[in-house]
Each structure stands twice: as structure tokens, then as C-alpha cells.
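What follows is the content of start33.cif, which has mmCIF, C-alpha atoms and all ligand atoms:
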```cif
data_query
loop_
_atom_site.label_atom_id
_atom_site.label_comp_id
_atom_site.auth_asym_id
_atom_site.auth_seq_id
_atom_site.Cartn_x
_atom_site.Cartn_y
_atom_site.Cartn_z
CA MET V 1 4.45 -4.10 75.83
CA TRP V 2 6.09 -4.41 72.42
CA ALA V 3 8.82 -6.62 73.89
CA LEU V 4 6.12 -8.94 75.25
CA LYS V 5 4.36 -9.11 71.88
CA LYS V 6 7.63 -9.83 70.12
CA GLY V 7 8.36 -12.57 72.62
CA TYR V 8 4.96 -14.10 71.92
CA TYR V 9 5.56 -14.02 68.14
CA ARG V 10 8.92 -15.75 68.50
CA THR V 11 7.47 -18.37 70.86
CA PHE V 12 4.59 -18.99 68.45
CA GLN V 13 7.06 -19.49 65.59
CA ALA V 14 9.22 -21.87 67.61
CA VAL V 15 6.18 -23.98 68.55
CA PHE V 16 4.72 -23.83 65.04
CA ASN V 17 8.08 -24.93 63.67
CA VAL V 18 7.85 -28.16 65.66
CA GLY V 19 4.25 -28.76 64.56
CA ALA V 20 5.00 -27.91 60.90
CA ARG V 21 7.65 -30.64 60.76
CA CYS V 22 4.92 -33.19 61.48
CA LEU V 23 2.62 -32.00 58.67
CA PRO V 24 2.27 -34.11 55.50
CA TRP V 25 4.24 -31.83 53.14
CA ARG V 26 4.31 -32.81 49.50
CA LYS V 27 5.30 -31.22 46.21
CA ALA V 28 3.18 -30.93 43.12
CA GLU V 29 4.20 -33.65 40.66
CA VAL V 30 6.18 -31.91 37.96
CA VAL V 31 5.51 -32.50 34.28
CA ASP V 32 8.09 -30.42 32.45
CA GLY V 33 9.82 -29.70 29.18
CA ALA V 34 8.84 -27.95 25.98
CA GLY V 35 5.45 -29.12 24.76
CA SER V 36 4.49 -30.69 28.08
CA ILE V 37 0.99 -29.16 27.85
CA ALA V 38 0.24 -32.04 25.46
CA LYS V 39 0.25 -34.34 28.49
CA ILE V 40 -2.70 -32.64 30.25
CA PRO V 41 -5.38 -35.01 28.83
CA GLU V 42 -3.30 -37.98 29.98
CA LEU V 43 -3.02 -36.51 33.50
CA LEU V 44 -6.79 -36.03 33.67
CA ASN V 45 -7.30 -39.55 32.41
CA ARG V 46 -4.85 -40.92 34.97
CA GLU V 47 -6.96 -39.33 37.72
CA GLY V 48 -10.22 -40.58 36.18
CA LYS V 49 -11.44 -37.03 35.50
CA LYS V 50 -13.93 -36.35 32.71
CA LYS V 51 -14.68 -32.63 32.77
CA PRO V 52 -12.16 -30.05 34.03
CA MET V 53 -12.96 -26.46 34.82
CA VAL V 54 -10.41 -24.35 32.96
CA VAL V 55 -9.59 -21.08 34.69
CA THR V 56 -7.62 -18.32 32.98
CA ASP V 57 -7.60 -14.57 32.26
CA PRO V 58 -8.53 -12.32 29.30
CA GLY V 59 -4.88 -11.47 28.48
CA LEU V 60 -3.98 -15.13 28.10
CA MET V 61 -7.01 -15.68 25.87
CA ALA V 62 -6.05 -12.72 23.68
CA CYS V 63 -2.38 -13.68 23.26
CA GLY V 64 -3.19 -17.26 22.26
CA VAL V 65 -1.55 -19.03 25.21
CA ALA V 66 -4.79 -20.28 26.80
CA PRO V 67 -6.38 -21.20 23.43
CA SER V 68 -3.34 -23.38 22.62
CA ILE V 69 -4.13 -25.45 25.75
CA LEU V 70 -7.86 -25.52 25.04
CA LYS V 71 -6.98 -26.96 21.65
CA VAL V 72 -5.03 -29.77 23.36
CA LEU V 73 -8.18 -30.63 25.33
CA GLU V 74 -10.41 -30.38 22.26
CA ASP V 75 -8.09 -32.56 20.15
CA ALA V 76 -8.24 -35.19 22.91
CA LYS V 77 -12.04 -34.80 23.03
CA VAL V 78 -12.01 -33.71 26.67
CA PRO V 79 -15.10 -31.61 27.42
CA TYR V 80 -14.40 -28.60 29.66
CA SER V 81 -16.02 -25.53 31.15
CA LEU V 82 -14.11 -22.27 30.65
CA TYR V 83 -13.87 -19.29 33.01
CA ASP V 84 -11.62 -16.68 31.40
CA LYS V 85 -12.30 -13.51 33.33
CA VAL V 86 -9.80 -13.63 36.20
CA GLU V 87 -8.41 -10.18 36.99
CA PRO V 88 -4.98 -9.34 38.47
CA ASN V 89 -5.27 -9.51 42.28
CA PRO V 90 -8.36 -11.76 41.98
CA THR V 91 -11.37 -10.97 44.13
CA VAL V 92 -13.76 -12.90 46.35
CA ASN V 93 -16.47 -12.33 43.72
CA THR V 94 -14.33 -14.00 41.06
CA VAL V 95 -13.65 -17.00 43.29
CA ASN V 96 -17.38 -17.36 43.97
CA ALA V 97 -18.24 -17.08 40.26
CA ILE V 98 -15.78 -19.86 39.41
CA GLN V 99 -17.13 -22.11 42.17
CA ALA V 100 -20.72 -21.51 41.01
CA GLN V 101 -19.83 -22.35 37.40
CA TYR V 102 -17.92 -25.47 38.49
CA LEU V 103 -20.97 -26.78 40.31
CA LYS V 104 -23.49 -25.74 37.64
CA GLU V 105 -21.50 -27.38 34.85
CA GLY V 106 -20.78 -30.59 36.74
CA CYS V 107 -16.98 -30.30 36.62
CA ASP V 108 -14.73 -32.72 38.48
CA SER V 109 -11.26 -31.10 38.33
CA PHE V 110 -9.38 -27.85 37.69
CA VAL V 111 -6.90 -26.82 35.02
CA ALA V 112 -5.58 -23.38 35.99
CA ILE V 113 -3.71 -21.59 33.21
CA GLY V 114 -1.94 -18.38 34.04
CA GLY V 115 0.07 -16.44 36.44
CA GLY V 116 -0.64 -16.40 40.13
CA SER V 117 -3.94 -14.61 39.62
CA SER V 118 -5.60 -17.42 37.64
CA MET V 119 -4.00 -20.19 39.69
CA ASP V 120 -5.01 -18.53 42.98
CA ALA V 121 -8.58 -17.78 41.87
CA ALA V 122 -8.95 -21.44 40.89
CA LYS V 123 -7.41 -22.60 44.18
CA GLY V 124 -9.84 -20.39 46.08
CA ALA V 125 -12.75 -21.86 44.12
CA ALA V 126 -11.45 -25.39 44.73
CA ALA V 127 -11.35 -24.65 48.45
CA ARG V 128 -14.94 -23.42 48.33
CA VAL V 129 -16.03 -26.53 46.42
CA VAL V 130 -14.94 -28.69 49.34
CA LYS V 131 -15.99 -26.18 52.01
CA PRO V 132 -19.22 -24.80 50.55
CA ARG V 133 -20.51 -23.50 53.88
CA LYS V 134 -17.49 -21.28 54.42
CA GLY V 135 -17.19 -17.97 52.63
CA VAL V 136 -13.84 -17.06 51.07
CA ASN V 137 -13.14 -14.64 53.91
CA GLN V 138 -13.64 -17.43 56.44
CA LEU V 139 -11.11 -19.60 54.60
CA GLY V 140 -8.44 -16.88 54.90
CA GLY V 141 -5.56 -17.70 57.24
CA LEU V 142 -3.82 -20.93 58.08
CA LEU V 143 -5.17 -24.49 57.70
CA LYS V 144 -8.86 -23.61 57.31
CA VAL V 145 -9.54 -25.85 54.28
CA ARG V 146 -8.45 -29.22 55.68
CA ARG V 147 -10.25 -31.22 52.99
CA ARG V 148 -8.78 -32.63 49.82
CA ILE V 149 -9.59 -30.35 46.88
CA PRO V 150 -10.54 -31.76 43.45
CA THR V 151 -7.67 -32.79 41.15
CA PHE V 152 -5.81 -29.58 40.39
CA ILE V 153 -3.49 -29.14 37.40
CA ALA V 154 -1.53 -25.86 37.51
CA VAL V 155 -0.07 -24.53 34.29
CA PRO V 156 2.01 -21.45 35.12
CA THR V 157 2.51 -18.92 32.34
CA THR V 158 4.67 -16.53 34.36
CA ALA V 159 7.86 -17.28 36.30
CA GLY V 160 6.67 -16.26 38.81
CA THR V 161 4.65 -16.83 41.79
CA GLY V 162 5.36 -20.50 42.31
CA SER V 163 1.64 -20.93 43.06
CA GLU V 164 1.91 -24.21 41.13
CA THR V 165 3.56 -25.74 44.20
CA THR V 166 2.53 -23.55 47.12
CA ILE V 167 -0.01 -23.83 49.90
CA ALA V 168 -1.24 -20.29 49.22
CA ALA V 169 -3.96 -18.48 47.31
CA LEU V 170 -4.02 -14.69 47.54
CA ILE V 171 -7.49 -13.19 47.30
CA THR V 172 -8.69 -9.59 47.58
CA ASP V 173 -11.95 -8.59 49.23
CA GLN V 174 -13.38 -6.18 46.66
CA ASP V 175 -15.35 -4.26 49.31
CA THR V 176 -12.62 -3.61 51.87
CA HIS V 177 -9.59 -3.92 49.50
CA HIS V 178 -7.99 -6.24 52.01
CA LYS V 179 -5.78 -8.79 50.24
CA TYR V 180 -5.14 -11.92 52.26
CA ALA V 181 -3.88 -15.47 51.93
CA ILE V 182 -5.69 -18.76 52.23
CA MET V 183 -2.92 -21.13 53.33
CA ASP V 184 -3.47 -24.85 53.52
CA LEU V 185 -1.50 -27.91 52.44
CA MET V 186 -4.62 -29.04 50.58
CA LEU V 187 -4.04 -26.18 48.11
CA ILE V 188 -0.79 -27.65 46.80
CA PRO V 189 -1.72 -28.59 43.24
CA ARG V 190 -1.63 -32.25 42.22
CA TYR V 191 0.37 -31.49 39.05
CA ALA V 192 2.53 -28.58 37.90
CA VAL V 193 2.95 -28.48 34.14
CA LEU V 194 6.12 -26.46 33.57
CA ASP V 195 6.20 -25.64 29.88
CA ALA V 196 8.55 -22.70 29.35
CA GLU V 197 7.34 -22.24 25.76
CA LEU V 198 4.19 -20.70 27.23
CA THR V 199 6.27 -17.81 28.56
CA VAL V 200 8.13 -16.74 25.42
CA GLY V 201 5.53 -14.06 24.65
CA LEU V 202 5.43 -12.67 28.17
CA PRO V 203 6.08 -8.90 27.79
CA PRO V 204 9.42 -7.70 29.22
CA HIS V 205 7.90 -5.63 32.04
CA ILE V 206 5.86 -8.64 33.27
CA THR V 207 8.91 -10.90 32.90
CA ALA V 208 10.85 -8.44 35.08
CA ALA V 209 8.21 -8.03 37.78
CA THR V 210 7.28 -11.71 38.05
CA GLY V 211 10.96 -12.72 38.07
CA MET V 212 11.60 -10.33 40.96
CA ASP V 213 8.64 -11.89 42.77
CA ALA V 214 10.40 -15.25 42.50
CA LEU V 215 13.62 -13.68 43.81
CA THR V 216 11.69 -12.19 46.73
CA HIS V 217 10.30 -15.65 47.55
CA ALA V 218 13.79 -17.15 47.52
CA VAL V 219 15.38 -14.38 49.59
CA GLU V 220 12.57 -14.06 52.15
CA ALA V 221 12.47 -17.85 52.62
CA TYR V 222 16.26 -17.91 52.99
CA LEU V 223 16.15 -15.21 55.68
CA CYS V 224 13.57 -17.12 57.72
CA TRP V 225 14.98 -17.73 61.19
CA THR V 226 13.29 -21.02 61.98
CA TYR V 227 11.07 -23.01 59.58
CA ASN V 228 13.71 -23.79 56.97
CA THR V 229 14.72 -27.34 56.11
CA LYS V 230 17.86 -28.47 54.29
CA GLU V 231 15.80 -28.75 51.12
CA SER V 232 14.13 -25.35 51.38
CA ILE V 233 17.52 -23.72 51.99
CA ARG V 234 18.99 -25.50 48.97
CA PHE V 235 16.03 -24.55 46.79
CA ALA V 236 16.18 -20.90 47.89
CA GLU V 237 19.89 -20.79 47.07
CA GLU V 238 19.49 -22.52 43.72
CA ALA V 239 16.56 -20.31 42.76
CA SER V 240 18.54 -17.16 43.63
CA VAL V 241 21.47 -18.26 41.47
CA LEU V 242 19.18 -19.15 38.54
CA ILE V 243 17.38 -15.80 38.77
CA PHE V 244 20.57 -13.74 38.92
CA HIS V 245 21.90 -15.59 35.87
CA ASN V 246 18.75 -15.76 33.75
CA LEU V 247 16.14 -13.13 34.57
CA GLU V 248 17.76 -10.32 32.61
CA LYS V 249 18.44 -12.65 29.68
CA ALA V 250 14.73 -13.50 29.54
CA TYR V 251 13.89 -9.80 29.95
CA GLN V 252 16.14 -8.79 27.06
CA ASN V 253 15.21 -11.66 24.75
CA GLY V 254 11.90 -13.30 25.52
CA LYS V 255 12.66 -16.05 23.01
CA ASP V 256 15.74 -17.22 24.90
CA ILE V 257 14.18 -20.58 25.77
CA ALA V 258 17.09 -21.69 27.97
CA ALA V 259 16.65 -18.56 30.11
CA ARG V 260 12.86 -19.05 30.16
CA GLU V 261 13.28 -22.66 31.26
CA ALA V 262 15.72 -21.68 33.97
CA MET V 263 13.25 -19.08 35.24
CA MET V 264 10.42 -21.65 35.32
CA VAL V 265 12.59 -23.94 37.46
CA ALA V 266 13.67 -21.02 39.65
CA SER V 267 10.09 -19.95 40.21
CA PHE V 268 9.08 -23.48 41.18
CA LYS V 269 12.02 -23.87 43.56
CA ALA V 270 11.48 -20.47 45.13
CA GLY V 271 7.79 -21.34 45.51
CA PHE V 272 8.68 -24.56 47.28
CA ALA V 273 11.18 -22.77 49.52
CA PHE V 274 8.73 -20.15 50.69
CA THR V 275 5.80 -22.49 51.07
CA ARG V 276 7.94 -24.36 53.59
CA ALA V 277 9.83 -21.48 55.17
CA GLY V 278 7.44 -18.55 54.75
CA VAL V 279 7.81 -15.13 53.21
CA GLY V 280 8.19 -11.97 55.25
CA ASN V 281 7.72 -8.25 55.62
CA VAL V 282 8.29 -7.54 51.91
CA HIS V 283 5.28 -9.64 50.98
CA ALA V 284 3.20 -8.40 53.91
CA ILE V 285 3.61 -4.80 52.68
CA ALA V 286 3.34 -5.71 48.97
CA HIS V 287 -0.06 -7.33 49.50
CA THR V 288 -1.45 -4.09 50.92
CA LEU V 289 -0.46 -2.30 47.69
CA GLY V 290 -2.10 -5.04 45.59
CA GLY V 291 -5.35 -4.75 47.55
CA LEU V 292 -5.51 -0.95 47.80
CA TYR V 293 -4.08 0.16 44.45
CA ASN V 294 -4.14 -3.00 42.34
CA THR V 295 -0.34 -2.81 42.05
CA ALA V 296 1.10 -5.81 40.20
CA HIS V 297 2.39 -8.16 42.90
CA GLY V 298 5.87 -8.69 41.43
CA LEU V 299 6.37 -4.99 40.85
CA ALA V 300 5.45 -4.23 44.47
CA ASN V 301 7.93 -6.83 45.72
CA ALA V 302 10.68 -5.65 43.39
CA VAL V 303 10.43 -2.11 44.76
CA ILE V 304 10.08 -3.09 48.42
CA LEU V 305 12.71 -5.88 48.54
CA PRO V 306 15.90 -3.74 48.60
CA ILE V 307 14.30 -1.21 50.97
CA VAL V 308 13.38 -3.86 53.54
CA LEU V 309 16.70 -5.72 53.20
CA GLU V 310 18.54 -2.49 53.85
CA ASP V 311 16.29 -1.76 56.81
CA TYR V 312 17.03 -5.19 58.35
CA GLY V 313 20.69 -4.14 58.58
CA SER V 314 23.18 -6.38 60.32
CA ALA V 315 20.51 -9.01 61.18
CA VAL V 316 20.71 -10.28 57.60
CA TYR V 317 24.36 -9.64 56.69
CA PRO V 318 25.57 -13.25 57.13
CA LYS V 319 22.89 -14.80 54.91
CA LEU V 320 22.94 -12.04 52.28
CA ALA V 321 26.74 -12.23 52.17
CA HIS V 322 26.42 -15.94 51.43
CA LEU V 323 23.87 -15.30 48.67
CA ALA V 324 26.23 -12.67 47.24
CA GLU V 325 28.95 -15.32 47.00
CA LEU V 326 26.71 -17.99 45.50
CA THR V 327 25.29 -15.66 42.86
CA GLY V 328 28.73 -14.28 42.05
CA VAL V 329 27.72 -10.73 43.03
CA ALA V 330 30.59 -10.38 45.53
CA ARG V 331 33.17 -12.95 46.54
CA ALA V 332 35.54 -10.67 48.41
CA GLY V 333 35.23 -8.12 51.19
CA SER V 334 33.73 -8.23 54.65
CA GLN V 335 30.39 -9.84 55.39
CA GLU V 336 28.77 -6.41 55.57
CA GLU V 337 30.32 -5.34 52.27
CA ARG V 338 29.15 -8.49 50.47
CA ALA V 339 25.62 -8.17 51.91
CA LYS V 340 25.44 -4.54 50.83
CA ALA V 341 26.73 -5.48 47.38
CA PHE V 342 23.90 -8.01 47.10
CA ILE V 343 21.28 -5.36 47.91
CA ALA V 344 22.95 -2.91 45.52
CA GLU V 345 22.80 -5.51 42.76
CA ILE V 346 19.05 -6.01 43.31
CA ARG V 347 18.64 -2.24 42.92
CA ALA V 348 20.79 -2.30 39.78
CA MET V 349 18.77 -5.16 38.27
CA ASN V 350 15.59 -3.21 38.98
CA ARG V 351 17.02 -0.13 37.29
CA ARG V 352 18.17 -2.07 34.23
CA MET V 353 14.67 -3.59 33.88
CA GLY V 354 12.82 -0.27 34.24
CA ILE V 355 11.49 -0.91 37.73
CA PRO V 356 11.07 2.31 39.76
CA GLU V 357 12.63 3.00 43.15
CA GLY V 358 9.33 3.79 44.83
CA PHE V 359 5.65 4.55 44.28
CA ASP V 360 4.03 7.98 44.12
CA PHE V 361 0.44 6.79 44.65
CA ILE V 362 0.48 5.76 48.32
CA LYS V 363 -1.99 7.98 50.15
CA GLU V 364 -1.30 9.19 53.68
CA GLU V 365 -4.80 8.24 54.81
CA ASP V 366 -4.23 4.62 53.69
CA ILE V 367 -1.03 4.12 55.70
CA PRO V 368 -2.73 3.15 59.02
CA ARG V 369 -4.63 0.38 57.17
CA MET V 370 -1.43 -0.74 55.43
CA ILE V 371 0.37 -0.98 58.78
CA ALA V 372 -2.48 -2.91 60.38
CA TRP V 373 -2.84 -5.37 57.47
CA ALA V 374 0.89 -5.94 57.04
CA GLY V 375 1.30 -6.52 60.77
CA LYS V 376 -1.63 -8.91 60.86
CA GLU V 377 -0.26 -10.89 57.92
CA ALA V 378 3.33 -11.11 59.12
CA ASN V 379 2.84 -11.59 62.84
CA PRO V 380 3.04 -14.03 64.41
CA ILE V 381 3.25 -16.52 61.52
CA TYR V 382 6.10 -15.23 59.27
CA PRO V 383 9.51 -16.11 60.70
CA VAL V 384 10.97 -12.73 59.72
CA PRO V 385 14.56 -11.90 60.59
CA VAL V 386 13.40 -8.64 62.22
CA VAL V 387 9.91 -8.31 63.73
CA TYR V 388 8.40 -4.98 62.71
CA SER V 389 6.49 -2.77 65.13
CA PRO V 390 3.79 -0.49 63.69
CA GLU V 391 6.28 2.40 63.85
CA ARG V 392 8.85 0.44 61.86
CA TYR V 393 6.25 -0.46 59.20
CA ARG V 394 5.47 3.23 58.87
CA ALA V 395 9.12 4.16 58.51
CA VAL V 396 9.59 1.56 55.76
CA ILE V 397 6.38 2.57 53.96
CA GLU V 398 7.62 6.17 54.01
CA LYS V 399 10.75 5.00 52.17
CA ILE V 400 8.60 3.26 49.52
CA ARG V 401 6.65 6.49 48.94
CA ILE V 402 8.23 8.90 46.52
CA PRO V 403 6.99 12.34 45.45
CA VAL V 404 4.42 12.38 42.66
CA GLY V 405 5.97 12.19 39.21
CA CYS V 406 9.40 11.31 40.54
CA LYS V 407 9.88 8.06 38.62
CA GLU V 408 8.13 6.44 35.77
CA GLU V 409 6.46 3.14 36.52
CA VAL V 410 7.15 0.14 34.29
N1 LIG V 501 -0.26 -18.57 45.54
C1 LIG V 501 0.96 -18.15 45.75
O1 LIG V 501 1.75 -18.86 46.35
C2 LIG V 501 1.38 -16.81 45.24
C3 LIG V 501 2.73 -16.41 45.33
C4 LIG V 501 3.06 -15.16 44.86
C5 LIG V 501 2.10 -14.34 44.30
N2 LIG V 501 0.81 -14.75 44.23
C6 LIG V 501 -0.26 -13.92 43.68
O2 LIG V 501 -0.27 -14.09 42.26
C7 LIG V 501 -0.77 -12.88 41.65
C8 LIG V 501 0.19 -12.37 40.62
O3 LIG V 501 0.45 -13.33 39.66
P1 LIG V 501 1.44 -13.03 38.44
O4 LIG V 501 2.50 -12.12 38.91
O5 LIG V 501 1.85 -14.31 37.87
O6 LIG V 501 0.57 -12.17 37.42
P2 LIG V 501 -0.92 -12.34 36.89
O7 LIG V 501 -1.40 -13.72 36.98
O8 LIG V 501 -1.74 -11.29 37.57
O9 LIG V 501 -0.75 -11.95 35.36
C9 LIG V 501 -0.31 -10.65 35.00
C10 LIG V 501 -0.60 -10.37 33.54
O10 LIG V 501 0.27 -11.14 32.75
C11 LIG V 501 -0.43 -11.71 31.67
N3 LIG V 501 0.24 -12.96 31.29
C12 LIG V 501 0.46 -14.01 32.09
N4 LIG V 501 1.15 -14.94 31.44
C13 LIG V 501 1.36 -14.48 30.19
C14 LIG V 501 2.04 -15.00 29.04
N5 LIG V 501 2.67 -16.18 29.08
N6 LIG V 501 2.06 -14.26 27.92
C15 LIG V 501 1.47 -13.05 27.90
N7 LIG V 501 0.83 -12.50 28.96
C16 LIG V 501 0.77 -13.21 30.10
C17 LIG V 501 -1.84 -11.93 32.20
O11 LIG V 501 -2.78 -11.95 31.15
C18 LIG V 501 -2.01 -10.72 33.11
O12 LIG V 501 -2.52 -9.63 32.39
C19 LIG V 501 -0.96 -11.89 42.78
O13 LIG V 501 -2.30 -11.83 43.19
C20 LIG V 501 -0.08 -12.45 43.88
O14 LIG V 501 -0.44 -12.04 45.17
C21 LIG V 501 0.45 -15.98 44.68
FE FE V 502 5.06 -13.33 45.84
#
```
Rendering of file as C-alpha cells:
Amino acid sequence: MWALKKGYYRTFQAVFNVGARCLPWRKAEVVDGAGSIAKIPELLNREGKKKPMVVTDPGLMACGVAPSILKVLEDAKVPYSLYDKVEPNPTVNTVNAIQAQYLKEGCDSFVAIGGGSSMDAAKGAAARVVKPRKGVNQLGGLLKVRRRIPTFIAVPTTAGTGSETTIAALITDQDTHHKYAIMDLMLIPRYAVLDAELTVGLPPHITAATGMDALTHAVEAYLCWTYNTKESIRFAEEASVLIFHNLEKAYQNGKDIAAREAMMVASFKAGFAFTRAGVGNVHAIAHTLGGLYNTAHGLANAVILPIVLEDYGSAVYPKLAHLAELTGVARAGSQEERAKAFIAEIRAMNRRMGIPEGFDFIKEEDIPRMIAWAGKEANPIYPVPVVYSPERYRAVIEKIRIPVGCKEEV
């Protein structure tokens, strides 16, 4: 029975791969460099937009990052409507509140300022604006939007999710705690404003977690067995190298602008790679932790990544060995030795950045839901190197669980 299911998943992926190559893929137009937020009024003007809806979160308001962009709009006399209450792992209710405000205030575009949470909440609202009859839950899944969203300017403040160039928006149903993705080419933002100066005040533990999210995107996309293109492979490789060389520098010294810029580029490239080639079982499991326990997305990925890579075993040795060479982690030894060195280095990076080896809050009674949700997310769409059965999900989740009080969380 399981062999049949697995066969169906692989057939689905092979067929989808052919179809995906015919889709009109595009990248967000990049506006980059220090001070590039100053160009936002010009971008709005270029698109003929008069009143953007600005979406951000309370932390970014408090630390001055979002106000610095609001000032740019005010100085250029651009009227805007502000929604600044996005929470980490944004909910359906938040998406609906943003959509309602957008309509009530007569907005015509979006400026999303923040990490993945603000960008995704705004993307969800943009999808609802063009599909008002569909609830957020009905937009979950693949290619359910299919209508051009209003002009969308993404201003990432973490490096990060890559949401500024991806087809995805991750939303949590506050009633069921199910976190799921809306995935549609229409959700690729029109512009990505990559201004690394916005990230200099990002606290070290968020720098670490969000940077490991970007690494997870690059690695999971790279391990994809079928959807990759030459460009997505190149971007995944380049992002991995940039992250290995710059994440810890940015973690140690947030003001290292060269490292921050490199991480912004890495996040964008990793985002592009995975939006084309997919993520995998690491993300599928991480999303269940975000929905059930509000675990920060990057932190969940950072913990799960080495556990899943180890579990994949020889299926991923050739590609991980290659990444080990490119990143300079291991240039000698057998393929297996280099692959294992790569996984060991991810663990070492985690340790050096205060990321724990597991979580002590996963409840036994939640595991069946985690298995069901992760399986539903990954299969059949993610082109994972190893298809997980429910039993294998359980075994991996058991490795992520550690006894209460065993390790401090970042
Ligand atoms: N759409 C996609 O393609 C995609 C990809 C990966 C992850 N995600 C989703 O994105 C969300 C996570 O996003 P995130 O990891 O960027 O975190 P986040 O957006 O949840 O932000 C985390 C915290 O960092 C703070 N913060 C952000 N930027 C800051 C800055 N420059 N200075 C100071 N504080 C700052 C915020 O105020 C917030 O408290 C999750 O829901 C995840 O599932 C989406
Ligand atoms: Fe992610």
C-alpha cells in the first residue's frame, strides 16, 4: 500500500515538473543597496499607485525600522493606511483584518515591511482582495489565487524567509492551529526592496534563526530530485556559500554591513531557489511546530535540518558532499565523509549561535496531528529526496523531542 502511494507521489512530481516548466515564472524586481527604501515612493508612482496599505508588526514599530519607512512616505506626501499588529506565525484573523482595512480605506497597493510574518500576512490579504469570495482556508494549497494581486512592494527586515520573491504565504488557522501555505505565482511580489541597513538592529538570536531558515531553503531546494533548474541550483549553491561565510559574522556583529548585505542576497537567492524547486520534510515538520506551539519558524528549521539530513542517509550524500566542498567545510575524504562533515558543521553553527538540539515542549498527544499535517504538506507536492511514511515522520519527531529542561532555548 505504502509502495503504491509512494509511486503515486513520484509520478505526480514528474508530471508536475513538466507542467511547472510551462508556468510564467518571474522574479520580484530587485531594488537594492543601502538607503534603497528612499525609492519606495518612486516605485509607487511608477505603478500609478496613490495610497498603499502598509503592513508591519509591533516589534518593527517599536525598534524604529517601520517608522523610518513611514517617514519616507510622509516626506514624499504619499498617504497610506497602516496595519501594525501582525504576529509571528500570522493568523487567518489577521489576514482578514488587513483585507477589511484595505477595502475600507480605499488602498490600491501594499508595502509589506518585516520578516516573513508581515510579508505573508500582507500577501494573504492581497490574495483575498482579488478573491473576496474565498476564505483564507480555501486559498490554501497550490494555484488557488490565479488573479493578479495589487502592486506589492516587499521590504524584508530579516534575512530570512525570502518571502520577497516567493510564491508562498504561510498562514495559521487560529482555531485548529494548522499552519499551511497559500502557493501561487500571483503572490510573487512586484518589487523586493533589499536594504540591509534595516537589519543592523536585528537581535542576534533572530539573526541566527532567520539565517538558518535561509540555509534550510537553499539545502532543501538543492536536494529536490526533480523541479530544479540550472538557475535554482546555482542560486541554492551561492546562497549556501554566502550563509556559511556570513551568518555567524552578522550574528556576532550586527553592524557588519557587508555580512548583512551578503545575508540579504543569500536569503533572496535561497527564496528563489525554493520557490522554484520546493522545500521538503524539514519545512513540513517545522510548520507544525509554528502552528501548534508558535515556535519561531527559523528556529524550528535550524533544529530539524541536521536531524532530517542525517535521517536521509546515503540518499543525500552526493549533493551534501558537493555543498561541503563549495562551502569549504570539507574538500577531502569520501563522499559520505564530506556529507557527514556538512551536517556536523550545521550542528556546530547551531551550537555556536545558541540554538538548541531539540525541543522539550512537543506533547505526545499532538504527534498524530503533526504527522498528518506534515504528510499532507509534503506529499505529493514536495520533491523530497526521501518520501516519509507516517512511521518515519514519527521516528524523526521523536528525535526532535528532548526531555524537559534538557537544553535552553535561544
Ligand atoms: N512566504 C515564504 O516564502 C516564507 C518562507 C519562509 C518562512 N515564511 C514564514 O515567515 C514567518 C517567519 O518570518 P521571520 O522569520 O522573518 O520572522 P518574523 O517576521 O516573525 O519576525 C520575528 C521577529 O523579529 C522582529 N524583527 C524583524 N525584523 C527586525 C529588525 N530588522 N530589527 C528588529 N527586529 C526585527 C519582528 O518584530 C518579530 O518580533 C513564518 O510564519 C514562516 O512560516 C514564509
Ligand atoms: Fe522557511
Worksheet item: Excluding same-chain residues fewer than 6 positions from region 353-360 of chain V, what lies within 12 Å of it counting only C-alpha atoms, as a PyMOL selection string?
Response: chain V and resi 203-212+247-252+286+289+293+295-296+298-307+346-347+396-410
Mind dumping the selected residues with C-alpha atoms as a short mmCIF file (atom, residue, chain, number, x, y, z; two decimals), keeping the file's coordinate frame?
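Here's the written file result.cif:
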```cif
data_model
loop_
_atom_site.label_atom_id
_atom_site.label_comp_id
_atom_site.auth_asym_id
_atom_site.auth_seq_id
_atom_site.Cartn_x
_atom_site.Cartn_y
_atom_site.Cartn_z
CA PRO V 203 6.08 -8.90 27.79
CA PRO V 204 9.42 -7.70 29.22
CA HIS V 205 7.90 -5.63 32.04
CA ILE V 206 5.86 -8.64 33.27
CA THR V 207 8.91 -10.90 32.90
CA ALA V 208 10.85 -8.44 35.08
CA ALA V 209 8.21 -8.03 37.78
CA THR V 210 7.28 -11.71 38.05
CA GLY V 211 10.96 -12.72 38.07
CA MET V 212 11.60 -10.33 40.96
CA LEU V 247 16.14 -13.13 34.57
CA GLU V 248 17.76 -10.32 32.61
CA LYS V 249 18.44 -12.65 29.68
CA ALA V 250 14.73 -13.50 29.54
CA TYR V 251 13.89 -9.80 29.95
CA GLN V 252 16.14 -8.79 27.06
CA ALA V 286 3.34 -5.71 48.97
CA LEU V 289 -0.46 -2.30 47.69
CA TYR V 293 -4.08 0.16 44.45
CA THR V 295 -0.34 -2.81 42.05
CA ALA V 296 1.10 -5.81 40.20
CA GLY V 298 5.87 -8.69 41.43
CA LEU V 299 6.37 -4.99 40.85
CA ALA V 300 5.45 -4.23 44.47
CA ASN V 301 7.93 -6.83 45.72
CA ALA V 302 10.68 -5.65 43.39
CA VAL V 303 10.43 -2.11 44.76
CA ILE V 304 10.08 -3.09 48.42
CA LEU V 305 12.71 -5.88 48.54
CA PRO V 306 15.90 -3.74 48.60
CA ILE V 307 14.30 -1.21 50.97
CA ILE V 346 19.05 -6.01 43.31
CA ARG V 347 18.64 -2.24 42.92
CA VAL V 396 9.59 1.56 55.76
CA ILE V 397 6.38 2.57 53.96
CA GLU V 398 7.62 6.17 54.01
CA LYS V 399 10.75 5.00 52.17
CA ILE V 400 8.60 3.26 49.52
CA ARG V 401 6.65 6.49 48.94
CA ILE V 402 8.23 8.90 46.52
CA PRO V 403 6.99 12.34 45.45
CA VAL V 404 4.42 12.38 42.66
CA GLY V 405 5.97 12.19 39.21
CA CYS V 406 9.40 11.31 40.54
CA LYS V 407 9.88 8.06 38.62
CA GLU V 408 8.13 6.44 35.77
CA GLU V 409 6.46 3.14 36.52
CA VAL V 410 7.15 0.14 34.29
#
```
Item to complete: Mind checking which residues fall within 7 Å of Gly124 (chain V), counting only C-alpha atoms, ignoring those fewer than 4 positions away in the same chain, and posting them as a VMD selection string?
Response: chain V and resid 95 120 128 169
Can I get the selection written as an mmCIF file, keeping the file's coordinate frame, with C-alpha atoms?
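Contents of part_16.cif, freshly written:
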```cif
data_model
loop_
_atom_site.group_PDB
_atom_site.id
_atom_site.type_symbol
_atom_site.label_atom_id
_atom_site.label_comp_id
_atom_site.auth_asym_id
_atom_site.auth_seq_id
_atom_site.Cartn_x
_atom_site.Cartn_y
_atom_site.Cartn_z
ATOM 1 C CA VAL V 95 -13.650 -17.000 43.290
ATOM 2 C CA ASP V 120 -5.010 -18.530 42.980
ATOM 3 C CA ARG V 128 -14.940 -23.420 48.330
ATOM 4 C CA ALA V 169 -3.960 -18.480 47.310
#
```
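The residue that comes closest to Asn379 (chain V), out of V:Phe12, V:Ala266, V:Lys49, V:Val78 and on the basis of only C-alpha atoms, is V:Phe12.
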Worksheet item: Using only C-alpha atoms and all ligand atoms, which protein or nucleic acid residues are at most 8 Å from ligand LIG 501 (chain V), as a VMD selection string?
Response: chain V and resid 57 to 61 63 65 87 to 90 114 to 120 156 to 171 181 198 to 203 206 209 to 210 213 to 214 217 271 275 287 290 296 to 298
Discussion item. One number please: CA of Pro132 (chain V) to CA of Trp25 (chain V), in Å, one decimal.
Written reply: 24.6 Å
